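Raw contents of model.txt, compact mmCIF, C-alpha atoms:
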# COMPACT_ATOMS: atom_id res chain seq x y z
CA MET F 1 78.77 192.94 176.50
CA ASN F 2 79.43 191.72 172.95
CA ASP F 3 76.35 190.61 171.04
CA TYR F 4 76.11 189.45 167.45
CA TYR F 5 72.98 191.03 166.02
CA GLY F 6 71.53 191.32 169.50
CA GLU F 7 68.24 192.76 170.70
CA LEU F 8 69.00 196.45 170.07
CA CYS F 9 70.61 195.80 166.70
CA THR F 10 67.59 193.73 165.68
CA MET F 11 65.22 196.51 166.78
CA LEU F 12 66.95 198.96 164.46
CA TYR F 13 67.25 196.42 161.66
CA GLU F 14 63.49 195.96 161.75
CA VAL F 15 62.92 199.71 161.24
CA ASP F 16 64.12 199.80 157.63
CA LYS F 17 65.18 196.23 156.76
CA SER F 18 62.15 194.23 157.82
CA ALA F 19 61.48 193.00 154.26
CA ALA F 20 63.49 192.84 151.07
CA ASN F 21 63.24 195.66 148.56
CA LYS F 22 60.80 194.90 145.74
CA LYS F 23 63.42 194.73 142.97
CA GLU F 24 65.77 192.69 145.12
CA LEU F 25 63.00 190.21 145.95
CA GLU F 26 61.86 189.93 142.34
CA PHE F 27 65.40 189.12 141.24
CA TYR F 28 65.78 186.19 143.66
CA LEU F 29 62.25 184.95 142.97
CA SER F 30 63.09 184.78 139.26
CA PHE F 31 65.32 181.76 139.99
CA VAL F 32 62.48 179.71 141.44
CA LYS F 33 61.11 177.58 138.61
CA GLY F 34 58.08 175.76 139.96
CA GLN F 35 56.66 175.05 143.40
CA ASN F 36 58.63 171.80 143.82
CA MET F 37 61.99 173.53 144.18
CA LYS F 38 63.65 173.35 147.58
CA VAL F 39 65.40 176.55 148.72
CA LEU F 40 67.86 177.18 151.56
CA GLU F 41 68.81 180.56 152.99
CA PRO F 42 71.84 180.38 155.30
CA MET F 43 72.26 183.55 157.40
CA CYS F 44 68.53 184.24 156.97
CA GLY F 45 68.42 186.79 159.80
CA ASN F 46 65.02 188.38 160.43
CA GLY F 47 63.40 186.69 157.44
CA ARG F 48 63.47 189.74 155.17
CA MET F 49 63.80 187.40 152.17
CA LEU F 50 62.62 184.08 153.60
CA LEU F 51 59.13 185.20 154.66
CA PRO F 52 58.21 186.83 151.30
CA PHE F 53 59.36 183.59 149.63
CA MET F 54 57.02 181.65 151.91
CA GLN F 55 54.15 183.98 151.07
CA LYS F 56 54.64 182.93 147.44
CA GLY F 57 54.22 179.29 148.47
CA ILE F 58 57.92 178.44 148.01
CA ASP F 59 59.51 175.64 150.04
CA ILE F 60 62.29 177.55 151.80
CA GLU F 61 64.07 177.09 155.12
CA GLY F 62 66.97 178.85 156.78
CA PHE F 63 69.28 179.32 159.72
CA ASP F 64 71.25 182.03 161.48
CA ILE F 65 73.57 182.55 164.46
CA SER F 66 71.55 185.45 165.88
CA LYS F 67 68.82 184.23 168.21
CA ASP F 68 67.31 187.73 168.32
CA MET F 69 67.08 187.89 164.54
CA LEU F 70 65.46 184.45 164.42
CA LYS F 71 63.02 185.53 167.12
CA ALA F 72 62.07 188.57 165.01
CA CYS F 73 61.56 186.28 162.02
CA VAL F 74 59.25 183.95 163.94
CA GLU F 75 57.28 186.81 165.51
CA LYS F 76 56.67 188.38 162.10
CA SER F 77 55.67 185.03 160.64
CA GLU F 78 53.04 184.53 163.34
CA ARG F 79 51.43 187.84 162.42
CA ILE F 80 50.97 186.64 158.83
CA ASN F 81 50.03 183.06 159.73
CA LEU F 82 53.23 181.40 158.55
CA LYS F 83 55.35 178.76 160.27
CA PRO F 84 58.92 179.00 158.98
CA ASN F 85 61.42 176.19 159.39
CA VAL F 86 64.34 178.24 160.78
CA TRP F 87 66.98 177.26 163.31
CA TYR F 88 70.10 178.39 165.14
CA GLN F 89 73.21 177.29 163.24
CA ASN F 90 76.54 178.63 162.01
CA ILE F 91 77.22 178.19 158.33
CA GLU F 92 80.75 176.79 158.65
CA ASP F 93 79.43 173.76 160.58
CA PHE F 94 76.26 173.24 158.53
CA LYS F 95 75.64 169.67 157.38
CA SER F 96 72.49 168.10 155.99
CA ASN F 97 71.23 164.98 154.25
CA LYS F 98 68.88 167.18 152.22
CA LYS F 99 69.68 168.47 148.75
CA TYR F 100 68.63 171.91 147.58
CA ASP F 101 67.80 173.35 144.17
CA LEU F 102 68.68 176.89 145.20
CA ILE F 103 70.79 178.37 148.00
CA ILE F 104 70.73 182.14 148.55
CA ILE F 105 72.80 184.48 150.71
CA PRO F 106 71.60 188.00 149.84
CA PHE F 107 72.40 191.49 151.15
CA GLY F 108 76.19 191.03 151.30
CA SER F 109 76.00 188.70 154.30
CA PHE F 110 78.69 186.42 152.87
CA SER F 111 81.23 189.21 153.49
CA LEU F 112 80.68 188.73 157.23
CA LEU F 113 82.66 185.49 156.97
CA ALA F 114 86.42 185.47 157.45
CA ASP F 115 88.52 183.81 154.71
CA ASP F 116 88.79 180.36 156.32
CA VAL F 117 85.12 180.37 157.33
CA ALA F 118 84.10 181.44 153.83
CA VAL F 119 85.93 178.46 152.30
CA LYS F 120 84.32 176.00 154.73
CA SER F 121 80.93 177.57 154.02
CA LEU F 122 81.31 177.24 150.26
CA GLN F 123 82.23 173.58 150.69
CA ASN F 124 79.21 173.00 152.93
CA MET F 125 76.86 174.60 150.41
CA LYS F 126 78.38 172.61 147.57
CA ALA F 127 77.79 169.39 149.54
CA VAL F 128 74.01 170.02 149.82
CA LEU F 129 73.48 171.42 146.32
CA LYS F 130 71.75 169.30 143.69
CA ASP F 131 73.76 168.57 140.56
CA ASP F 132 71.79 171.16 138.58
CA GLY F 133 71.35 173.50 141.55
CA LYS F 134 72.49 177.09 141.94
CA VAL F 135 73.96 179.27 144.68
CA LEU F 136 73.29 183.02 144.64
CA LEU F 137 75.78 185.13 146.63
CA THR F 138 76.29 188.83 147.19
CA ILE F 139 79.46 190.33 148.66
CA ILE F 140 80.77 193.71 149.76
CA LYS F 141 83.25 194.90 147.17
CA LYS F 142 86.45 196.86 147.64
CA LYS F 143 86.25 200.56 146.89
CA ASN F 144 88.96 202.99 145.87
CA LYS F 145 88.31 205.02 149.01
CA ILE F 146 87.31 203.36 152.28
CA GLU F 147 85.96 205.55 155.05
CA GLU F 148 87.36 204.90 158.51
CA LEU F 149 86.02 206.17 161.86
CA LEU F 150 88.92 206.16 164.29
CA ASP F 151 86.88 207.48 167.24
CA TRP F 152 83.40 206.62 168.44
CA THR F 153 80.99 208.52 166.16
CA GLU F 154 77.21 208.74 166.49
CA THR F 155 75.67 207.41 163.27
CA ASN F 156 72.00 206.89 164.11
CA ARG F 157 69.34 207.72 166.70
CA VAL F 158 65.87 206.14 166.67
CA SER F 159 63.01 206.59 169.16
CA PHE F 160 60.69 203.77 170.25
CA ASN F 161 57.81 205.05 172.39
CA LYS F 162 59.58 206.54 175.44
CA GLU F 163 62.94 204.97 174.66
CA THR F 164 65.73 205.90 172.27
CA VAL F 165 68.46 203.78 170.71
CA ILE F 166 71.67 205.61 169.82
CA VAL F 167 74.25 203.97 167.54
CA TYR F 168 77.97 204.75 167.72
CA LYS F 169 80.61 203.32 165.38
CA LYS F 170 84.33 203.20 164.95
CA SER F 171 86.14 201.34 162.19
CA PHE F 172 89.51 200.77 160.59
CA TYR F 173 90.58 199.12 157.36
CA ASP F 174 93.21 196.38 157.40
CA LYS F 175 94.90 196.42 153.99
CA ARG F 176 96.74 193.17 154.73
CA THR F 177 93.53 191.18 155.13
CA SER F 178 91.25 193.43 153.03
CA SER F 179 88.85 193.65 155.95
CA LEU F 180 86.90 196.60 157.31
CA ASN F 181 86.75 196.05 161.07
CA THR F 182 83.91 197.93 162.73
CA LYS F 183 82.75 198.12 166.32
CA ILE F 184 79.16 199.21 166.86
CA ARG F 185 77.83 200.38 170.20
CA TYR F 186 74.06 200.44 170.79
CA GLU F 187 72.77 202.41 173.77
CA LEU F 188 69.15 202.17 174.88
CA LEU F 189 68.10 205.31 176.75
CA GLN F 190 65.02 205.81 178.87
CA GLY F 191 64.91 209.56 179.40
CA ASN F 192 68.53 210.44 180.17
CA LYS F 193 69.28 207.09 181.76
CA THR F 194 71.14 204.29 179.95
CA LYS F 195 69.00 201.18 180.24
CA LYS F 196 71.04 198.74 178.11
CA VAL F 197 74.26 198.66 176.07
CA GLU F 198 75.25 196.24 173.29
CA ILE F 199 78.63 196.21 171.54
CA MET F 200 79.03 194.31 168.30
CA ASP F 201 82.17 193.44 166.36
CA PHE F 202 81.25 193.74 162.70
CA PRO F 203 84.13 192.58 160.44
CA LEU F 204 83.54 192.78 156.70
CA GLN F 205 85.68 190.94 154.19
CA LEU F 206 86.00 193.18 151.12
CA TYR F 207 86.54 191.49 147.77
CA GLY F 208 87.66 192.44 144.31
CA SER F 209 85.54 190.84 141.57
CA GLU F 210 88.34 188.75 140.07
CA GLU F 211 89.54 187.73 143.53
CA PHE F 212 86.11 186.43 144.52
CA GLU F 213 85.70 184.60 141.24
CA ARG F 214 89.01 182.79 141.89
CA ILE F 215 87.78 181.77 145.35
CA LEU F 216 84.57 180.37 143.87
CA SER F 217 86.47 178.47 141.17
CA SER F 218 88.98 176.99 143.62
CA ASN F 219 86.07 175.63 145.65
CA GLY F 220 84.41 173.87 142.75
CA PHE F 221 82.03 176.54 141.46
CA ASN F 222 83.31 176.79 137.90
CA ASN F 223 80.09 177.81 136.16
CA LEU F 224 79.67 181.44 137.07
CA THR F 225 77.38 184.24 135.93
CA VAL F 226 77.47 187.72 137.48
CA HIS F 227 74.25 189.76 137.51
CA GLU F 228 73.96 193.49 138.14
CA VAL F 229 70.69 194.31 139.90
CA LYS F 230 70.01 197.97 139.20
CA ASP F 231 68.34 199.87 142.07
CA GLY F 232 68.05 196.55 143.92
CA TYR F 233 68.39 198.15 147.35
CA GLY F 234 66.45 201.25 146.32
CA GLU F 235 66.97 204.00 143.78
CA GLY F 236 70.65 204.49 143.00
CA MET F 237 71.71 201.45 145.07
CA SER F 238 72.63 198.59 142.77
CA PHE F 239 74.46 195.37 143.63
CA SER F 240 76.05 192.35 141.99
CA VAL F 241 74.92 188.76 142.45
CA TYR F 242 77.17 185.78 141.76
CA GLU F 243 75.19 182.90 140.29
CA CYS F 244 77.31 179.82 141.01
CA ARG F 245 76.95 176.29 139.72
CA ILE F 246 79.07 173.18 140.13
Would you give me this structure, written as structure tokens?
Amino acid sequence: MNDYYGELCTMLYEVDKSAANKKELEFYLSFVKGQNMKVLEPMCGNGRMLLPFMQKGIDIEGFDISKDMLKACVEKSERINLKPNVWYQNIEDFKSNKKYDLIIIPFGSFSLLADDVAVKSLQNMKAVLKDDGKVLLTIIKKKNKIEELLDWTETNRVSFNKETVIVYKKSFYDKRTSSLNTKIRYELLQGNKTKKVEIMDFPLQLYGSEEFERILSSNGFNNLTVHEVKDGYGEGMSFSVYECRI
């Protein structure tokens, strides 16, 4: 069965990605100037960024195409007495009469979108952005050497009470499309018996910096600033954020 961020994937995601890293969170919070700003987080997932924003009293809402991730977000919010406005939605079809001061897609999630979907998504975000609003995007960048896994390879194993989730991956890089295509297999074991299996297709669009800047410009985002967030995902793990304005 193919699941997109299904139950087992979400379980593992919650182990070490339940909330945004402190430096990452502080960076995004620095763009919120006053409590009256309205913030949107497409692809909000399990609320790792959205819920900490809410705890600061910020008016933020979001959507995602993973029902399991949204469920995790809502369950966490209930434990801290929050009621997030989150819903099931794909970004390429998103429309709204609302206008937002800030739109954020952190953690490289934008790279999950294929080229044509990415263009539609940029247009949709532009349509709901206030004239002086900003979009903050992170992407997965191309590297000189890209690791491929041509056969199923165990990459993780996590125990939950009397159950264990084992993760297997295989991946190949398509130079023509600059995409790293990965299949991930999640197996839930109870003792030695397989209780559940999820298989997820996980395509990543890899970008060069100049290439992505051209894409932003061709879709109307001509005012661009690139920020380097040192140790944003933890010590030694920095990332770039594209601050886009119309």
* Work out how far apart atom CA of Val197 of chain F and atom CA of Glu75 of chain F are and give it in Å to one decimal. => 23.2 Å
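Note that the spacing between atom CA of Leu25 of chain F and atom CA of Ile140 of chain F amounts to 18.5 Å.
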* Structure fact -> As a check of understanding: the span from atom CA of Asp151 of chain F to atom CA of Glu163 of chain F is 25.2 Å
* Asked: Which neighbours of Thr138 of chain F fall inside 9 Å, counting all atoms listed in the file, when residues of the same chain fewer than 2 positions from it are skipped, and could you give them as JSON, numbers by chain?
  -> {"F": [104, 105, 106, 107, 108, 109, 110, 111, 136, 140, 239, 240, 241, 242]}
* Determine, counting only C-alpha atoms, which protein, DNA and RNA residues have an atom within 12 Å of an atom of Glu14 of chain F; residues of the same chain fewer than 6 positions away are not included. Present the result as a PyMOL selection string. => chain F and resi 5+7-8+20+45-48+68-73+75-76+158+160
* **Of the listed residues F:His227, F:Ala114, F:Ile58, F:Met49, that which approaches Asn36 of chain F most closely, counting only C-alpha atoms** => F:Ile58
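Taking only C-alpha atoms into account, Lys162 of chain F lies nearest to F:Gly191 out of the set F:Cys244, F:Gly236, F:Gly191, F:Ser121.
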